[in-house]
file query-v5.txt (compact mmCIF, C-alpha atoms)
# COMPACT_ATOMS: atom_id res chain seq x y z
CA MET A 1 41.67 -16.55 86.66
CA SER A 2 44.11 -14.35 88.63
CA THR A 3 46.58 -17.27 88.93
CA PHE A 4 46.29 -17.74 85.20
CA CYS A 5 47.01 -14.03 84.59
CA THR A 6 50.13 -14.29 86.78
CA GLN A 7 51.26 -17.28 84.70
CA THR A 8 50.55 -15.29 81.54
CA ASP A 9 52.71 -12.38 82.69
CA ALA A 10 55.61 -14.73 83.45
CA PHE A 11 55.10 -16.53 80.13
CA PHE A 12 55.14 -13.29 78.14
CA THR A 13 58.25 -12.08 79.96
CA GLN A 14 60.10 -15.36 79.37
CA LEU A 15 59.03 -15.60 75.72
CA ALA A 16 59.91 -11.95 74.98
CA SER A 17 63.32 -12.35 76.61
CA ALA A 18 64.07 -15.56 74.70
CA MET A 19 63.00 -14.01 71.39
CA THR A 20 65.15 -10.93 71.99
CA GLU A 21 68.14 -13.07 73.00
CA SER A 22 67.76 -15.10 69.80
CA GLY A 23 67.77 -11.92 67.70
CA LEU A 24 64.08 -11.50 66.92
CA PRO A 25 62.24 -8.23 67.55
CA LEU A 26 58.92 -8.36 69.36
CA ASN A 27 57.10 -6.27 66.74
CA LEU A 28 57.02 -8.81 63.91
CA GLY A 29 53.22 -8.88 64.03
CA PRO A 30 50.34 -9.31 66.46
CA MET A 31 50.25 -12.33 68.73
CA ASP A 32 46.79 -13.70 68.10
CA HIS A 33 46.73 -16.44 70.72
CA VAL A 34 48.57 -18.39 73.38
CA CYS A 35 48.20 -22.10 74.10
CA TYR A 36 47.77 -23.59 77.56
CA ARG A 37 48.45 -27.30 77.73
CA ALA A 38 46.60 -29.21 80.43
CA ALA A 39 48.49 -32.01 82.18
CA THR A 40 45.41 -34.23 82.55
CA ASN A 41 41.97 -34.53 81.00
CA GLU A 42 40.48 -33.66 84.37
CA GLU A 43 42.43 -30.38 84.37
CA TYR A 44 41.27 -29.72 80.79
CA LEU A 45 37.61 -30.17 81.77
CA SER A 46 38.01 -27.97 84.85
CA LEU A 47 39.77 -25.18 82.92
CA LYS A 48 37.21 -25.46 80.14
CA LYS A 49 34.46 -24.58 82.65
CA THR A 50 36.49 -21.73 84.15
CA LEU A 51 37.46 -20.24 80.79
CA ALA A 52 33.84 -20.37 79.57
CA ARG A 53 33.14 -17.57 82.09
CA HIS A 54 35.89 -15.40 80.52
CA GLY A 55 35.40 -15.95 76.82
CA ARG A 56 33.34 -17.30 73.96
CA VAL A 57 34.13 -20.66 72.39
CA LEU A 58 35.19 -20.42 68.75
CA VAL A 59 35.59 -24.17 68.32
CA GLU A 60 36.39 -27.40 70.11
CA GLY A 61 37.71 -30.24 68.03
CA MET A 62 40.17 -33.08 67.73
CA ILE A 63 43.64 -31.98 66.66
CA GLY A 64 46.64 -34.28 66.85
CA GLY A 65 44.60 -36.99 68.56
CA ARG A 66 43.35 -34.87 71.45
CA PRO A 67 40.72 -32.19 72.12
CA ILE A 68 41.66 -28.53 71.73
CA ILE A 69 39.25 -25.69 72.45
CA THR A 70 39.75 -22.07 71.45
CA TYR A 71 38.21 -19.07 73.20
CA VAL A 72 38.01 -15.46 72.13
CA LEU A 73 38.52 -13.73 75.47
CA GLN A 74 36.18 -11.05 76.83
CA GLN A 75 39.30 -9.21 78.00
CA PRO A 76 42.34 -9.77 75.74
CA LEU A 77 45.58 -10.69 77.50
CA SER A 78 48.04 -7.83 77.64
CA GLY A 79 51.79 -8.07 77.34
CA PRO A 80 54.77 -7.10 75.21
CA PHE A 81 53.12 -8.52 72.08
CA GLY A 82 50.07 -6.26 72.30
CA PRO A 83 46.57 -7.46 73.13
CA VAL A 84 46.19 -11.23 72.67
CA PRO A 85 42.53 -11.94 71.86
CA CYS A 86 42.41 -15.74 71.93
CA LEU A 87 43.39 -18.62 74.17
CA GLU A 88 43.78 -22.21 73.04
CA LEU A 89 43.37 -24.95 75.68
CA ALA A 90 44.89 -28.30 74.73
CA ALA A 91 44.14 -31.61 76.41
CA PRO A 92 47.12 -33.95 76.81
CA LYS A 93 47.89 -36.34 73.98
CA PRO A 94 46.94 -39.88 75.01
CA GLY A 95 49.91 -41.84 76.31
CA LYS A 96 52.14 -38.79 76.74
CA THR A 97 53.14 -36.91 79.87
CA HIS A 98 52.73 -33.13 79.71
CA TYR A 99 53.46 -30.36 82.13
CA ALA A 100 50.59 -27.97 82.75
CA GLY A 101 51.05 -24.42 81.60
CA LEU A 102 51.41 -22.01 78.75
CA GLU A 103 53.35 -23.72 75.99
CA HIS A 104 53.44 -21.41 72.97
CA GLY A 105 52.29 -18.15 71.46
CA GLU A 106 51.53 -17.55 67.80
CA ILE A 107 52.33 -14.40 65.88
CA VAL A 108 50.69 -13.38 62.60
CA VAL A 109 53.21 -12.13 60.03
CA PRO A 110 52.62 -10.86 56.47
CA CYS A 111 54.83 -13.49 54.81
CA LEU A 112 56.69 -16.51 56.19
CA ASN A 113 59.27 -16.46 53.40
CA THR A 114 60.10 -12.82 54.17
CA LEU A 115 60.52 -13.74 57.86
CA LEU A 116 62.92 -16.54 56.93
CA GLU A 117 64.87 -14.29 54.54
CA ARG A 118 65.20 -11.44 57.07
CA TYR A 119 66.38 -13.73 59.87
CA PRO A 120 68.49 -16.46 58.23
CA HIS A 121 70.50 -16.92 61.44
CA ILE A 122 67.41 -17.96 63.42
CA PRO A 123 66.95 -21.77 63.64
CA PHE A 124 63.29 -21.87 62.63
CA SER A 125 61.72 -25.27 62.13
CA GLN A 126 60.10 -25.23 58.71
CA LYS A 127 58.41 -28.62 58.89
CA GLY A 128 55.02 -26.86 59.12
CA MET A 129 55.58 -24.91 55.90
CA PRO A 130 53.81 -23.44 54.06
CA GLU A 131 51.35 -22.77 56.93
CA GLU A 132 53.77 -22.12 59.83
CA VAL A 133 57.31 -21.89 61.07
CA THR A 134 58.29 -22.52 64.68
CA LEU A 135 61.11 -21.34 66.88
CA ALA A 136 61.85 -23.56 69.88
CA LEU A 137 62.80 -21.51 72.93
CA PRO A 138 62.82 -24.32 75.52
CA PRO A 139 60.65 -24.93 77.37
CA LEU A 140 58.49 -22.59 75.24
CA GLN A 141 58.04 -21.99 71.57
CA VAL A 142 56.76 -19.27 69.29
CA LYS A 143 55.01 -20.05 66.04
CA PHE A 144 54.46 -17.77 63.06
CA HIS A 145 51.50 -17.84 60.66
CA CYS A 146 50.10 -15.61 57.93
CA GLN A 147 46.50 -16.03 59.09
CA SER A 148 45.03 -15.55 62.55
CA LEU A 149 43.71 -18.55 64.43
CA ALA A 150 40.21 -17.03 64.49
CA ASP A 151 40.25 -16.71 60.68
CA THR A 152 41.62 -20.25 60.30
CA ILE A 153 38.86 -21.58 62.57
CA ALA A 154 36.16 -19.70 60.62
CA ARG A 155 37.48 -21.20 57.36
CA GLU A 156 37.64 -24.73 58.83
CA ILE A 157 34.09 -24.46 60.17
CA ALA A 158 32.84 -23.18 56.79
CA GLU A 159 34.60 -26.05 55.01
CA GLY A 160 33.31 -28.67 57.47
CA ALA A 161 36.90 -29.54 58.39
CA VAL A 162 36.51 -29.54 62.19
CA VAL A 163 36.70 -33.04 63.67
CA PRO A 164 34.31 -33.14 66.66
CA VAL A 165 35.38 -34.51 70.02
CA PRO A 166 33.69 -37.92 70.40
CA ASP A 167 30.91 -37.88 72.99
CA ASN A 168 32.63 -40.61 75.01
CA TYR A 169 36.21 -39.25 74.68
CA PHE A 170 36.57 -38.15 78.30
CA LEU A 171 34.81 -41.22 79.67
CA GLN A 172 37.40 -43.40 77.91
CA ASN A 173 40.42 -41.19 78.50
CA CYS A 174 40.14 -39.76 82.02
CA ARG A 175 42.64 -41.23 84.41
call {"tool": "encode", "arguments": {"input": "query-v5.txt", "output": "structure tokens"}}
result
Amino acid sequence: MSTFCTQTDAFFTQLASAMTESGLPLNLGPMDHVCYRAATNEEYLSLKKTLARHGRVLVEGMIGGRPIITYVLQQPLSGPFGPVPCLELAAPKPGKTHYAGLEHGEIVVPCLNTLLERYPHIPFSQKGMPEEVTLALPPLQVKFHCQSLADTIAREIAEGAVVPVPDNYFLQNCR
């Protein structure tokens, strides 16, 4: 986990610098989670075991054709965005090549439209509206939502909207 924490520090530093350079302050709202993208399914399964010792699983399900698991961490990550309570671990999408590492952070804001109005010069992608807007800061990105991931997960579980990972998914998709 210490290697992961070193990666997290570098990720937060790079993301904070890129946001500041683009003209966004770091105090827009709390960062509720970061996403680590595994390069292989084997790495996903290995990290899943490791992270289980450092947090409690909120949900694991199929999103965008691949498994994603979310943990609420026993010890929130610390950085320039305040304490970050959750970590999302994403398996690679089948047929695509991914680099391993932290890929994005998500910040909870009171209102997406207000964010867009206050920062019209920022090239936000709005294709996720009305649920999210995204700012690409290659190779990273920051996403903005009005609801925390933990609250979204609780709602999806209550509504029966979580798509379970098929029992044989990793048997069919490990390479």
call {"tool": "closest_residue", "arguments": {"input": "query-v5.txt", "among": "A:Gly82, A:Glu106, A:Gly29, A:Leu77", "to": "Ala150 of chain A", "atoms": "all atoms listed in the file"}}
result
A:Glu106
call {"tool": "closest_residue", "arguments": {"input": "query-v5.txt", "among": "A:Leu51, A:Leu73, A:Met31, A:Ala91", "to": "Phe170 of chain A", "atoms": "all atoms listed in the file"}}
result
A:Ala91
call {"tool": "closest_residue", "arguments": {"input": "query-v5.txt", "among": "A:Glu117, A:Glu60, A:Glu131, A:Asp32", "to": "Val84 of chain A", "atoms": "all atoms listed in the file"}}
result
A:Asp32
call {"tool": "residues_around", "arguments": {"input": "query-v5.txt", "residues": "segment 7-22 of chain A", "least_positions_apart": "3", "cutoff": "10 Å", "atoms": "all atoms listed in the file", "output": "list in words"}}
result
Met1, Ser2, Thr3, Phe4, Pro25, Leu26, Val34, Tyr36, Leu77, Ser78, Gly79, Pro80, Phe81, Gly101, Leu102, Glu103, His104, Gly105, His121, Ile122, Pro123, Leu135, Ala136, Leu137, Pro138, Pro139, Leu140, Gln141 and Val142 of chain A
call {"tool": "write_last_selection", "arguments": {"input": "query-v5.txt", "atoms": "C-alpha atoms", "output": "tab-separated table (two decimals), in the frame of the given file"}}
result
chain	number	residue	atom	x	y	z
A	1	MET	CA	41.67	-16.55	86.66
A	2	SER	CA	44.11	-14.35	88.63
A	3	THR	CA	46.58	-17.27	88.93
A	4	PHE	CA	46.29	-17.74	85.20
A	25	PRO	CA	62.24	-8.23	67.55
A	26	LEU	CA	58.92	-8.36	69.36
A	34	VAL	CA	48.57	-18.39	73.38
A	36	TYR	CA	47.77	-23.59	77.56
A	77	LEU	CA	45.58	-10.69	77.50
A	78	SER	CA	48.04	-7.83	77.64
A	79	GLY	CA	51.79	-8.07	77.34
A	80	PRO	CA	54.77	-7.10	75.21
A	81	PHE	CA	53.12	-8.52	72.08
A	101	GLY	CA	51.05	-24.42	81.60
A	102	LEU	CA	51.41	-22.01	78.75
A	103	GLU	CA	53.35	-23.72	75.99
A	104	HIS	CA	53.44	-21.41	72.97
A	105	GLY	CA	52.29	-18.15	71.46
A	121	HIS	CA	70.50	-16.92	61.44
A	122	ILE	CA	67.41	-17.96	63.42
A	123	PRO	CA	66.95	-21.77	63.64
A	135	LEU	CA	61.11	-21.34	66.88
A	136	ALA	CA	61.85	-23.56	69.88
A	137	LEU	CA	62.80	-21.51	72.93
A	138	PRO	CA	62.82	-24.32	75.52
A	139	PRO	CA	60.65	-24.93	77.37
A	140	LEU	CA	58.49	-22.59	75.24
A	141	GLN	CA	58.04	-21.99	71.57
A	142	VAL	CA	56.76	-19.27	69.29
call {"tool": "closest_residue", "arguments": {"input": "query-v5.txt", "among": "A:Pro110, A:Gly95, A:Pro67, A:His33", "to": "Val162 of chain A", "atoms": "all atoms listed in the file"}}
result
A:Pro67
call {"tool": "residues_near_point", "arguments": {"input": "query-v5.txt", "point": "(58.8, -23.6, 57.3)", "cutoff": "12 Å", "atoms": "all atoms listed in the file", "output": "number ranges by chain"}}
result
A: 111-117, 122-135, 143-146
call {"tool": "closest_residue", "arguments": {"input": "query-v5.txt", "among": "A:Pro120, A:Asp151, A:Pro166, A:Ala90", "to": "Glu43 of chain A", "atoms": "only C-alpha atoms"}}
result
A:Ala90
call {"tool": "closest_atom_pairs", "arguments": {"input": "query-v5.txt", "of": "segment 19-70 of chain A", "to": "segment 96-99 of chain A", "cutoff": "9 Å", "atoms": "all atoms listed in the file", "output": "CSV"}}
result
residue,atom,partner,partner_atom,distance
A:Arg37,CA,A:Tyr99,CA,7.3
A:Ala38,CA,A:Tyr99,CA,7.2
A:Ala39,CA,A:His98,CA,5.0
A:Thr40,CA,A:His98,CA,7.9
